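Participant: Supplied structure: run38.tsv, TSV, C-alpha atoms and all ligand atoms.
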chain	number	residue	atom	x	y	z
A	1	MET	CA	100.54	26.31	-54.44
A	2	LYS	CA	101.10	28.59	-57.44
A	3	VAL	CA	98.04	30.31	-58.91
A	4	ASN	CA	97.83	29.58	-62.65
A	5	ILE	CA	94.99	31.74	-64.04
A	6	GLY	CA	96.63	33.64	-66.90
A	7	ILE	CA	97.79	36.66	-64.88
A	8	SER	CA	101.51	37.32	-64.36
A	9	GLU	CA	102.94	36.90	-60.88
A	10	LYS	CA	103.73	40.61	-60.75
A	11	SER	CA	100.14	41.52	-61.62
A	12	LEU	CA	98.74	39.05	-59.09
A	13	LYS	CA	100.83	40.68	-56.37
A	14	SER	CA	99.81	44.14	-57.56
A	15	SER	CA	96.09	43.23	-57.50
A	16	ALA	CA	96.47	41.67	-54.04
A	17	SER	CA	98.16	44.75	-52.63
A	18	MET	CA	95.40	46.99	-54.05
A	19	LEU	CA	92.81	44.68	-52.49
A	20	THR	CA	94.64	44.84	-49.15
A	21	LEU	CA	94.23	48.61	-49.13
A	22	VAL	CA	90.57	48.27	-50.17
A	23	LEU	CA	89.99	45.71	-47.39
A	24	SER	CA	91.55	48.00	-44.80
A	25	ASN	CA	89.37	50.93	-45.84
A	26	GLU	CA	86.27	48.72	-45.75
A	27	VAL	CA	87.09	47.57	-42.20
A	28	VAL	CA	87.63	51.15	-40.99
A	29	LEU	CA	84.45	52.34	-42.70
A	30	TYR	CA	82.50	49.38	-41.29
A	31	THR	CA	83.68	50.28	-37.78
A	32	LYS	CA	82.89	53.97	-38.26
A	33	THR	CA	79.38	53.10	-39.48
A	34	ARG	CA	78.88	50.88	-36.41
A	35	LYS	CA	79.91	53.78	-34.18
A	36	ALA	CA	77.39	56.03	-35.98
A	37	HIS	CA	74.69	53.37	-35.45
A	38	TRP	CA	75.47	53.18	-31.73
A	39	ASN	CA	75.69	56.90	-31.05
A	40	VAL	CA	73.00	58.46	-33.22
A	41	THR	CA	70.54	60.67	-31.31
A	42	GLY	CA	67.68	63.02	-32.17
A	43	SER	CA	64.25	62.92	-33.76
A	44	SER	CA	65.37	60.68	-36.63
A	45	PHE	CA	67.12	58.25	-34.28
A	46	MET	CA	65.38	55.05	-35.39
A	47	GLU	CA	65.55	55.85	-39.09
A	48	LEU	CA	69.28	56.59	-39.03
A	49	HIS	CA	69.96	53.75	-36.57
A	50	LYS	CA	68.41	51.35	-39.12
A	51	LEU	CA	70.01	53.08	-42.12
A	52	TYR	CA	73.49	52.67	-40.59
A	53	GLU	CA	72.69	49.05	-39.72
A	54	GLY	CA	71.84	48.29	-43.35
A	55	GLN	CA	75.05	50.00	-44.46
A	56	TYR	CA	77.37	48.20	-42.06
A	57	ASN	CA	75.78	44.89	-43.04
A	58	MET	CA	76.61	45.67	-46.67
A	59	LEU	CA	80.16	46.62	-45.69
A	60	GLU	CA	80.55	43.44	-43.66
A	61	ALA	CA	79.61	41.32	-46.68
A	62	SER	CA	82.06	43.28	-48.86
A	63	ILE	CA	84.86	42.82	-46.32
A	64	ASP	CA	84.53	39.05	-46.62
A	65	GLU	CA	84.45	39.15	-50.41
A	66	VAL	CA	87.50	41.42	-50.68
A	67	ALA	CA	89.44	39.30	-48.17
A	68	GLU	CA	88.66	36.09	-50.02
A	69	ARG	CA	89.54	37.57	-53.40
A	70	ILE	CA	93.08	38.22	-52.08
A	71	GLY	CA	93.28	34.49	-51.36
A	72	LYS	CA	91.98	33.65	-54.85
A	73	LEU	CA	94.93	35.60	-56.26
A	74	GLY	CA	97.32	33.50	-54.19
A	75	GLU	CA	98.25	35.95	-51.45
A	76	LYS	CA	97.81	35.95	-47.69
A	77	THR	CA	95.03	38.15	-46.26
A	78	ILE	CA	95.87	40.48	-43.39
A	79	GLY	CA	93.56	40.16	-40.39
A	80	THR	CA	94.69	42.34	-37.50
A	81	MET	CA	93.44	45.80	-36.49
A	82	GLN	CA	97.02	47.07	-36.50
A	83	GLU	CA	97.50	46.07	-40.14
A	84	PHE	CA	94.10	47.40	-41.22
A	85	LEU	CA	94.91	50.80	-39.70
A	86	LYS	CA	98.36	50.81	-41.27
A	87	HIS	CA	97.01	50.15	-44.79
A	88	ALA	CA	93.80	52.24	-44.60
A	89	THR	CA	93.70	55.67	-46.22
A	90	ILE	CA	90.56	56.82	-44.41
A	91	LYS	CA	90.92	57.94	-40.82
A	92	GLU	CA	89.13	57.07	-37.60
A	93	SER	CA	87.86	59.82	-35.28
A	94	ALA	CA	88.70	58.40	-31.88
A	95	GLY	CA	87.06	60.17	-28.96
A	96	LYS	CA	84.85	62.29	-31.22
A	97	TYR	CA	81.05	62.20	-31.01
A	98	THR	CA	79.78	64.54	-33.70
A	99	SER	CA	76.31	65.91	-34.50
A	100	THR	CA	74.01	63.90	-36.76
A	101	LYS	CA	74.84	66.18	-39.70
A	102	ASP	CA	78.60	66.07	-39.14
A	103	THR	CA	78.54	62.27	-38.76
A	104	ILE	CA	76.69	61.91	-42.08
A	105	THR	CA	79.11	64.36	-43.73
A	106	GLU	CA	82.14	62.44	-42.48
A	107	LEU	CA	80.76	59.08	-43.61
A	108	LEU	CA	79.82	60.57	-46.99
A	109	ASN	CA	83.34	61.93	-47.36
A	110	ASP	CA	84.78	58.48	-46.53
A	111	HIS	CA	82.56	56.75	-49.10
A	112	GLU	CA	83.64	59.31	-51.70
A	113	ILE	CA	87.32	58.72	-50.89
A	114	VAL	CA	86.82	54.95	-51.20
A	115	THR	CA	84.94	55.42	-54.50
A	116	MET	CA	87.75	57.53	-55.97
A	117	GLN	CA	90.35	55.04	-54.77
A	118	LEU	CA	88.42	52.17	-56.35
A	119	ARG	CA	88.13	54.09	-59.65
A	120	THR	CA	91.95	54.45	-59.71
A	121	PHE	CA	92.42	50.76	-58.92
A	122	ILE	CA	89.96	49.72	-61.66
A	123	GLU	CA	92.02	51.75	-64.16
A	124	GLU	CA	95.25	50.17	-62.89
A	125	SER	CA	93.74	46.67	-63.01
A	126	SER	CA	92.82	47.29	-66.62
A	127	VAL	CA	95.86	49.07	-68.04
A	128	LYS	CA	98.63	47.55	-65.93
A	129	ASN	CA	97.45	44.19	-64.61
A	130	LYS	CA	94.95	43.04	-67.25
A	131	ASP	CA	93.01	41.39	-64.41
A	132	ALA	CA	89.40	41.23	-65.66
A	133	GLY	CA	88.09	39.51	-62.53
A	134	THR	CA	89.42	42.25	-60.25
A	135	ILE	CA	88.11	44.98	-62.60
A	136	ASP	CA	84.61	43.47	-62.45
A	137	PHE	CA	84.79	42.91	-58.71
A	138	LEU	CA	86.03	46.41	-57.88
A	139	THR	CA	83.48	47.98	-60.24
A	140	GLY	CA	80.60	46.28	-58.38
A	141	LEU	CA	82.08	47.38	-55.07
A	142	MET	CA	82.50	50.96	-56.29
A	143	GLU	CA	78.84	51.05	-57.35
A	144	GLN	CA	77.82	50.00	-53.83
A	145	HIS	CA	79.80	52.91	-52.38
A	146	GLU	CA	78.26	55.27	-54.94
A	147	THR	CA	74.81	54.13	-53.81
A	148	ILE	CA	75.55	54.64	-50.10
A	149	ALA	CA	77.12	58.05	-50.88
A	150	TRP	CA	74.00	59.05	-52.84
A	151	ILE	CA	71.76	58.12	-49.90
A	152	LEU	CA	73.91	59.96	-47.33
A	153	ARG	CA	74.11	63.03	-49.59
A	154	ARG	CA	70.31	63.21	-49.70
A	155	TYR	CA	70.18	63.70	-45.92
A	156	LEU	CA	72.32	66.82	-46.27
A	157	ASN	CA	70.26	68.68	-48.85
B	201	FE	FE	72.43	47.39	-33.26
Transcribe the structure of this file into structure tokens.
Ligand SMILES: [Fe+2]
Facilitator:
Amino acid sequence: MKVNIGISEKSLKSSASMLTLVLSNEVVLYTKTRKAHWNVTGSSFMELHKLYEGQYNMLEASIDEVAERIGKLGEKTIGTMQEFLKHATIKESAGKYTSTKDTITELLNDHEIVTMQLRTFIEESSVKNKDAGTIDFLTGLMEQHETIAWILRRYLN
């Protein structure tokens, strides 16, 4: 059934395709944070193990919200690993088990990439799509990534 919420069909499709990319990055980042949780070693094992757990729980909640927002805009939501990897702009590190510091650096870098991507999409949602709901939603999501990035950055100083 057609979505009639005061946003043009073109803009609805544009918002949904942005959200598909966001969803894919969230799934990859969620998986990478899980891997960090499973493989962390060293004297701060338990602290980082729990830190990563808190972060992947946040990402898991975001994944569901992003996925359902695509549906609210009238589009189908992708749901296979193949599609997530095709649409994601952040990369997995298969077969790599890095040091604690390098793992934190890589995750920080990923959160920064996602933050920058979200900032671009917020601008596009405002100027091009005039989609206030998506602007608000993506802004909240971006702030979550800024918070996680801030925390990870602190471990590196
Ligand atoms: Fe666990």
Participant: For the atom pair CA of Glu26 in chain A and CA of Lys101 in chain A, what is the interatomic distance in Å to one decimal place?
Facilitator: 21.7 Å
Participant: All residues within 9 Å of ligand FE 201 (chain B) are required, counting only C-alpha atoms and all ligand atoms; please report them as an NGL selection string.
Facilitator: :A and (34 or 37-38 or 49-50 or 53)
Participant: Pick from A:Asn25, A:Asn39, A:Thr139, A:Thr77: nearest to Ser99 in chain A, with only C-alpha atoms counted?
Facilitator: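 Smallest separation from Ser99 in chain A among the options: A:Asn39.
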Participant: Between CA of Tyr56 in chain A and CA of Ile122 in chain A, what distance in Å does the model show, to one decimal?
Facilitator: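 Computing it gives 23.3 Å between the two atoms.
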Participant: With all atoms listed in the file as the counted atoms, please give the residues lying no more than 9 Å from Ile78 in chain A, apart from itself and same-chain residues fewer than 6 positions off, as a list in words.
Facilitator: Thr20, Leu23, Ser24, Ala67 and Phe84 of chain A
Participant: Calculate how many Å separate CA of Ile7 in chain A from CA of Leu59 in chain A, rounding to one decimal.
Facilitator: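 Computing it gives 27.9 Å between the two atoms.
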Participant: Hey, which of A:Ser125, A:Asn109, A:Thr134, A:Gln117 ends up closest to Trp150 in chain A? Count all atoms listed in the file.
Facilitator: A:Asn109
Participant: Smallest atom-to-atom distance to Val3 in chain A: which of A:Asp102, A:Asn157, A:Leu118, A:Leu73, using only C-alpha atoms?
Facilitator: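 The shortest atom-to-atom distance to Val3 in chain A comes from A:Leu73.
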Participant: Residues within 8 Å of Thr105 in chain A, please, as a list in words. Count all atoms listed in the file; anything in the same chain fewer than 6 positions from it doesn't count.
Facilitator: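 What passes the distance filter is Leu152, Arg153 and Leu156 of chain A.
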Participant: In terms of the shortest atom-to-atom distance over only C-alpha atoms, which of A:Glu9, A:Glu92, A:Asp110, A:Glu123 is closest to Ile148 in chain A?
Facilitator: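 Between A:Glu9, A:Glu92, A:Asp110, A:Glu123, the residue approaching Ile148 in chain A most closely is A:Asp110.
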